[in-house]
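Engineer: Take a look at the following structure, please.
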Amino acid sequence: MNNIDGMNISPDRFPGALTVTQLNEYVKRIIETTPQLTDVYVKGEISNFKNHYSTGHFYFTLKDEGGQLRAVMFKSSASKMKFIPEDGMKVTAHGRISAFVRDGTYQIYCDSMEPDGVGALYVAFEQLKKKLEYEGLFDQSRKKPLPKIPRRVGIITSATGAAIRDMINVCGRRFPYAKLVLYPSLVQGPDAPPQLIAGMNYFNATKSVDVIIIGRGGGSIEDLWAFNDEGLARVVASSQIPVISAVGHETDFTICDFVADKRAPTPSAAAELAVPETNELKRKISNIITREADVISMMLRQHREKLSSLSKNRAMTNPMNFIDDRRMSTDLLYDRLVRAESRVIEMKKADMGKEAGKLNALNPLSVISRGYSAVYKDDGSLVKKIDDVAVGDKIEFKTIGGEALCTVEEIKKTDMN
């Protein structure tokens with residue numbers, strides 16, 4: 001017996017009480033067996049969206065002004081979505097309502113979803129466009145120029161559609177010298193993007209064409225959707241060969257149009273962009289030839305005038321006079337050189353005389369000539385003081401007129417102080 005606030009309560013007083021789990025399971029069965037809740041459409045604004053990348057499941061909340069509803073979309077359904085849900089996006093979701101026993105909450109299990117007010121394909125188009133534009137794939141700076149005179153034009157489109165016939169007719173009329181190379185491909189449906197990508201890879205790998213046209217005739221957004229494929233867009237953007245996108249009619253735009261080097265409103269217009277018009281090309285070539293001829297004529301005229309002017313020069317009309325003038329100029333220059341050389345020699349002689357006088361003043365013989373003598377030992381060294389000799393040394397006495405050989409017999413030292 002339990003005592004609560006003075007009351008005795010028997011454990012089996014409420015024999016029909018349910019556990020929390022039993023109640024939640026009961027509510028779950030009621031919800032799941034209610035026909036109106038097994039096939040339901042719900043409008044609301046997405047919030048708390050989470051893309052569970054490891055599993056591929058979507059978790060989010062649908063809400064309006066008065067309430068909110070938890071929602072989940074498993075990978076099997078999420079992988080079929082044309083767009084990625086985002087917070088704040090208003091949608092209409094389809095699915096079934098069921099309860100989650102553990103949390104005691106109910107939620108909608110979505111199997112499809114459409115943006116409220118616009119189509120899913122349009123939203124997917126805008127999302128991919130925004131993504132690739134942010135990456136810089138639309139920048140004009142990365143676009144390649146089209147060749148002026150292509151020899152080979154690669155075309156990726158359906159082999160049986162009207163687009164290829166239009167392009168053949170236009171190219172044949174404008175520039176029949178260009179060879180058209182068709183890579184046949186599906187242009188709509190889920191199998192089209194891989195084939196279109198294969199065509200782009202083929203032309204880039206083989207380098208067999210100078211320019212590529214990829215496209216098809218007009219249609220609905222569903223018909224043109226293959227050209228909004230992200231994989232195809234990246235292959236077109238990375239192409240080493242210039243690409244012209246020609247998808248649909250003039251008002252139709254696809255992602256392929258934005259990443260291509262040039263966008264044409266129609267396949268026929270793409271052919272006109274790809275090849276020059278023969279008569280127009282001939283006219284341009286003729287104009288170039290005319291301009292070049294004018295330039296050459298002007299250069300010839302200038303050279304003729306220069307040659308005529310040179311031919312009237314005195315060196316050409318009377319070369320001997322020209323030579324005589326040069327001879328006279330040479331003689332004058334020679335005389336100037338001789339005079340300059342003489343002046344230099346005289347200056348050098350004067351300098352040499354000064355230096356010779358200095359050397360003569362330092363010559364020992366000059367000192368001797370003034371009454372002095374020089375004494376050398378027998379080894380040739382000069383006797384500078386009395387201590388340089390000893391009794392018995394042989395010395396050589398040089399003075400004016402000759403020299404005498406002597407022997408030291410006695411040494412007398414004197415005090416020089």
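Going by the structure tokens order, chains are called A, B, ..., each with residues numbered from 1, while ligands are numbered from 1 in the order shown.
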Apply DSSP to the structure's backbone, then extract all residues of range 85-165 of chain A labelled strand (DSSP E or B) and return them as a tab-separated table (two decimals) with C-alpha atoms, in the first residue's frame.
Structural biologist:
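After the write, selection_32.tsv holds the following:
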chain	number	residue	atom	x	y	z
A	90	LYS	CA	7.10	27.77	-49.59
A	91	VAL	CA	6.17	24.31	-50.84
A	92	THR	CA	3.38	21.81	-51.21
A	93	ALA	CA	4.48	18.44	-49.85
A	94	HIS	CA	2.79	15.11	-50.49
A	95	GLY	CA	3.03	12.07	-48.27
A	96	ARG	CA	1.51	10.24	-45.33
A	97	ILE	CA	1.03	11.23	-41.71
A	98	SER	CA	2.37	8.93	-39.02
A	99	ALA	CA	3.41	9.12	-35.37
A	100	PHE	CA	6.90	8.63	-34.00
A	105	THR	CA	4.99	13.28	-32.02
A	106	TYR	CA	3.43	12.92	-35.42
A	107	GLN	CA	5.00	14.04	-38.70
A	108	ILE	CA	4.58	13.85	-42.44
A	109	TYR	CA	6.67	11.37	-44.37
A	110	CYS	CA	7.10	13.12	-47.74
A	111	ASP	CA	7.49	11.28	-51.03
A	112	SER	CA	7.37	14.39	-53.28
A	113	MET	CA	7.44	18.15	-53.05
A	114	GLU	CA	6.73	21.09	-55.35
A	115	PRO	CA	7.56	24.76	-54.84
A	152	ARG	CA	35.75	21.44	-89.49
A	153	VAL	CA	32.62	22.05	-87.41
A	154	GLY	CA	31.56	19.51	-84.79
A	155	ILE	CA	27.81	19.21	-84.12
A	156	ILE	CA	26.32	17.38	-81.12
A	157	THR	CA	22.58	16.88	-81.57
Engineer: As a PyMOL selection string, please: every residue in range 143-369 of chain A that a backbone DSSP assignment puts in alpha helix (DSSP H).
Structural biologist: chain A and resi 162-174+192-206+230-237+255-259+267-274+278-311+314-317+319-362+364-369
Engineer: List the spatial neighbours of Cys406 in chain A as a ChimeraX atom specification - criterion: any atom at most 8 Å away, only C-alpha atoms, same-chain residues fewer than 3 positions off excluded.
Structural biologist: /A:394-397
Engineer: Do a neighbour search on Leu146 in chain A at 10 Å with only C-alpha atoms, toss out local chain neighbours closer than 3 positions, and write the hits as a list in words.
Structural biologist: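 In the requested form, the answer reads Lys143, Ile149, Pro150, Asp210, Val211, Ile212, Ile241, Pro242, Val243, Ile244, Asp261, Lys262, Leu273, Ala274 and Val275 of chain A.
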Engineer: What would the file look like if the residues just selected were written as a CSV table (one decimal), in the first residue's frame with all heavy atoms?
Structural biologist:
chain,number,residue,atom,x,y,z
A,143,LYS,N,35.7,33.1,-71.6
A,143,LYS,CA,35.2,32.7,-72.9
A,143,LYS,C,36.2,32.7,-74.0
A,143,LYS,O,37.0,33.7,-74.1
A,143,LYS,CB,34.0,33.5,-73.3
A,143,LYS,CG,32.9,33.7,-72.2
A,143,LYS,CD,31.8,32.8,-72.3
A,143,LYS,CE,30.7,33.0,-71.2
A,143,LYS,NZ,29.7,32.0,-71.2
A,149,ILE,N,37.8,31.3,-89.6
A,149,ILE,CA,37.5,30.4,-90.8
A,149,ILE,C,37.7,29.0,-90.4
A,149,ILE,O,38.8,28.4,-90.5
A,149,ILE,CB,38.4,30.8,-92.0
A,149,ILE,CG1,38.3,32.3,-92.3
A,149,ILE,CG2,38.0,29.9,-93.2
A,149,ILE,CD1,39.2,32.7,-93.5
A,150,PRO,N,36.7,28.3,-89.8
A,150,PRO,CA,36.9,26.9,-89.4
A,150,PRO,C,36.9,26.0,-90.6
A,150,PRO,O,36.1,26.1,-91.5
A,150,PRO,CB,35.6,26.7,-88.5
A,150,PRO,CG,34.6,27.6,-89.0
A,150,PRO,CD,35.4,28.8,-89.5
A,210,ASP,N,37.3,22.5,-85.2
A,210,ASP,CA,37.8,23.8,-84.8
A,210,ASP,C,36.8,24.5,-83.9
A,210,ASP,O,37.1,25.4,-83.2
A,210,ASP,CB,38.0,24.7,-86.0
A,210,ASP,CG,39.1,24.0,-87.0
A,210,ASP,OD1,40.2,23.7,-86.5
A,210,ASP,OD2,38.8,23.9,-88.2
A,211,VAL,N,35.5,24.1,-84.0
A,211,VAL,CA,34.4,24.7,-83.2
A,211,VAL,C,33.4,23.6,-83.0
A,211,VAL,O,33.2,22.8,-83.9
A,211,VAL,CB,33.9,26.0,-83.8
A,211,VAL,CG1,33.2,25.7,-85.2
A,211,VAL,CG2,32.9,26.7,-82.9
A,212,ILE,N,32.6,23.7,-81.9
A,212,ILE,CA,31.6,22.7,-81.5
A,212,ILE,C,30.3,23.5,-81.4
A,212,ILE,O,30.2,24.5,-80.7
A,212,ILE,CB,31.9,22.0,-80.2
A,212,ILE,CG1,33.2,21.2,-80.4
A,212,ILE,CG2,30.8,21.0,-79.9
A,212,ILE,CD1,33.7,20.6,-79.0
A,241,ILE,N,38.0,23.4,-76.9
A,241,ILE,CA,37.6,23.9,-78.2
A,241,ILE,C,36.4,24.8,-78.0
A,241,ILE,O,35.5,24.6,-77.2
A,241,ILE,CB,37.1,22.7,-79.1
A,241,ILE,CG1,38.3,21.7,-79.3
A,241,ILE,CG2,36.6,23.1,-80.5
A,241,ILE,CD1,37.9,20.4,-79.9
A,242,PRO,N,36.3,26.0,-78.7
A,242,PRO,CA,35.2,26.9,-78.6
A,242,PRO,C,33.9,26.2,-78.8
A,242,PRO,O,33.7,25.4,-79.7
A,242,PRO,CB,35.5,28.0,-79.6
A,242,PRO,CG,36.9,27.9,-79.9
A,242,PRO,CD,37.3,26.5,-79.7
A,243,VAL,N,32.9,26.6,-78.0
A,243,VAL,CA,31.6,25.9,-78.0
A,243,VAL,C,30.5,26.9,-78.2
A,243,VAL,O,30.4,28.0,-77.6
A,243,VAL,CB,31.3,25.1,-76.7
A,243,VAL,CG1,29.9,24.5,-76.7
A,243,VAL,CG2,32.4,24.1,-76.4
A,244,ILE,N,29.6,26.6,-79.2
A,244,ILE,CA,28.4,27.4,-79.4
A,244,ILE,C,27.2,26.6,-78.9
A,244,ILE,O,27.0,25.5,-79.3
A,244,ILE,CB,28.2,27.8,-80.9
A,244,ILE,CG1,29.4,28.5,-81.4
A,244,ILE,CG2,26.9,28.6,-81.1
A,244,ILE,CD1,29.4,28.8,-82.9
A,261,ASP,N,30.9,29.3,-74.9
A,261,ASP,CA,31.6,30.5,-75.3
A,261,ASP,C,30.8,31.5,-76.1
A,261,ASP,O,31.0,32.7,-76.1
A,261,ASP,CB,32.8,30.1,-76.2
A,261,ASP,CG,33.8,29.2,-75.4
A,261,ASP,OD1,34.4,29.7,-74.4
A,261,ASP,OD2,34.0,28.0,-75.8
A,262,LYS,N,29.7,30.9,-76.7
A,262,LYS,CA,28.8,31.8,-77.4
A,262,LYS,C,27.4,31.1,-77.4
A,262,LYS,O,27.3,29.9,-77.5
A,262,LYS,CB,29.3,31.9,-78.9
A,262,LYS,CG,28.7,33.1,-79.6
A,262,LYS,CD,29.3,34.4,-79.2
A,262,LYS,CE,28.7,35.6,-80.0
A,262,LYS,NZ,29.3,36.9,-79.6
A,273,LEU,N,26.9,31.7,-86.9
A,273,LEU,CA,28.0,32.2,-86.0
A,273,LEU,C,29.2,31.3,-86.3
A,273,LEU,O,30.4,31.8,-86.2
A,273,LEU,CB,27.6,32.1,-84.6
A,273,LEU,CG,26.6,33.1,-84.0
A,273,LEU,CD1,26.2,32.7,-82.6
A,273,LEU,CD2,27.2,34.5,-84.1
A,274,ALA,N,29.0,30.0,-86.6
A,274,ALA,CA,30.2,29.1,-86.7
A,274,ALA,C,31.0,29.3,-88.0
A,274,ALA,O,32.2,29.2,-87.9
A,274,ALA,CB,29.7,27.7,-86.6
A,275,VAL,N,30.3,29.6,-89.1
A,275,VAL,CA,31.0,29.7,-90.4
A,275,VAL,C,30.8,31.1,-91.0
A,275,VAL,O,29.7,31.7,-90.8
A,275,VAL,CB,30.6,28.6,-91.3
A,275,VAL,CG1,30.9,27.2,-90.8
A,275,VAL,CG2,29.1,28.7,-91.7
Engineer: So how far away is CA of Glu45 in chain A from CA of Thr61 in chain A, in Å?
Structural biologist: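 Straight-line distance from CA of Thr61 in chain A to CA of Glu45 in chain A works out to 7.9 Å.
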Engineer: Tell me, as a list in words, which residues lie within 8 Å of range 132-141 of chain A, counting only C-alpha atoms; anything in the same chain fewer than 6 positions away does not count.
Structural biologist: Ala237, Phe258 and Val259 of chain A
Engineer: Residues within 7 Å of range 223-231 of chain A, please, as an mmCIF file with N, CA and C atoms, in the first residue's frame. Count only C-alpha atoms; anything in the same chain fewer than 4 positions from it doesn't count.
Structural biologist:
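Written output follows (result.cif):
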data_model
loop_
_atom_site.group_PDB
_atom_site.id
_atom_site.type_symbol
_atom_site.label_atom_id
_atom_site.label_comp_id
_atom_site.auth_asym_id
_atom_site.auth_seq_id
_atom_site.Cartn_x
_atom_site.Cartn_y
_atom_site.Cartn_z
ATOM 1 N N PHE A 125 16.612 25.043 -61.837
ATOM 2 C CA PHE A 125 17.355 25.835 -62.820
ATOM 3 C C PHE A 125 17.993 27.054 -62.139
ATOM 4 N N VAL A 187 18.692 14.178 -77.153
ATOM 5 C CA VAL A 187 18.660 15.578 -76.727
ATOM 6 C C VAL A 187 17.582 15.826 -75.673
ATOM 7 N N GLN A 188 16.925 14.781 -75.206
ATOM 8 C CA GLN A 188 16.001 14.936 -74.087
ATOM 9 C C GLN A 188 15.846 13.597 -73.386
ATOM 10 N N GLY A 189 15.422 13.662 -72.138
ATOM 11 C CA GLY A 189 15.273 12.450 -71.347
ATOM 12 C C GLY A 189 16.480 12.212 -70.464
ATOM 13 N N ALA A 192 19.982 11.493 -72.043
ATOM 14 C CA ALA A 192 20.590 12.483 -72.945
ATOM 15 C C ALA A 192 21.878 13.093 -72.385
ATOM 16 N N PRO A 193 21.924 13.542 -71.122
ATOM 17 C CA PRO A 193 23.161 14.177 -70.631
ATOM 18 C C PRO A 193 24.420 13.331 -70.794
ATOM 19 N N GLY A 219 11.314 23.599 -77.300
ATOM 20 C CA GLY A 219 10.444 22.683 -76.578
ATOM 21 C C GLY A 219 10.138 23.243 -75.201
ATOM 22 N N VAL A 235 31.463 20.263 -68.292
ATOM 23 C CA VAL A 235 32.245 19.786 -69.443
ATOM 24 C C VAL A 235 32.305 20.859 -70.523
ATOM 25 N N THR A 254 19.113 27.984 -71.323
ATOM 26 C CA THR A 254 19.513 26.839 -70.509
ATOM 27 C C THR A 254 20.854 27.153 -69.861
ATOM 28 N N ILE A 255 21.245 26.317 -68.893
ATOM 29 C CA ILE A 255 22.544 26.490 -68.243
ATOM 30 C C ILE A 255 23.664 26.355 -69.264
ATOM 31 N N CYS A 256 23.459 25.488 -70.236
ATOM 32 C CA CYS A 256 24.465 25.294 -71.288
ATOM 33 C C CYS A 256 24.729 26.602 -72.040
#
Engineer: Identify which of the residues A:Ser311, A:Gln127, A:Thr55, A:Ser220 lies closest to Glu86 in chain A, counting only C-alpha atoms when measuring atom-to-atom distances.
Structural biologist: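 Ranking A:Ser311, A:Gln127, A:Thr55, A:Ser220 by distance to Glu86 in chain A, first place goes to A:Gln127.
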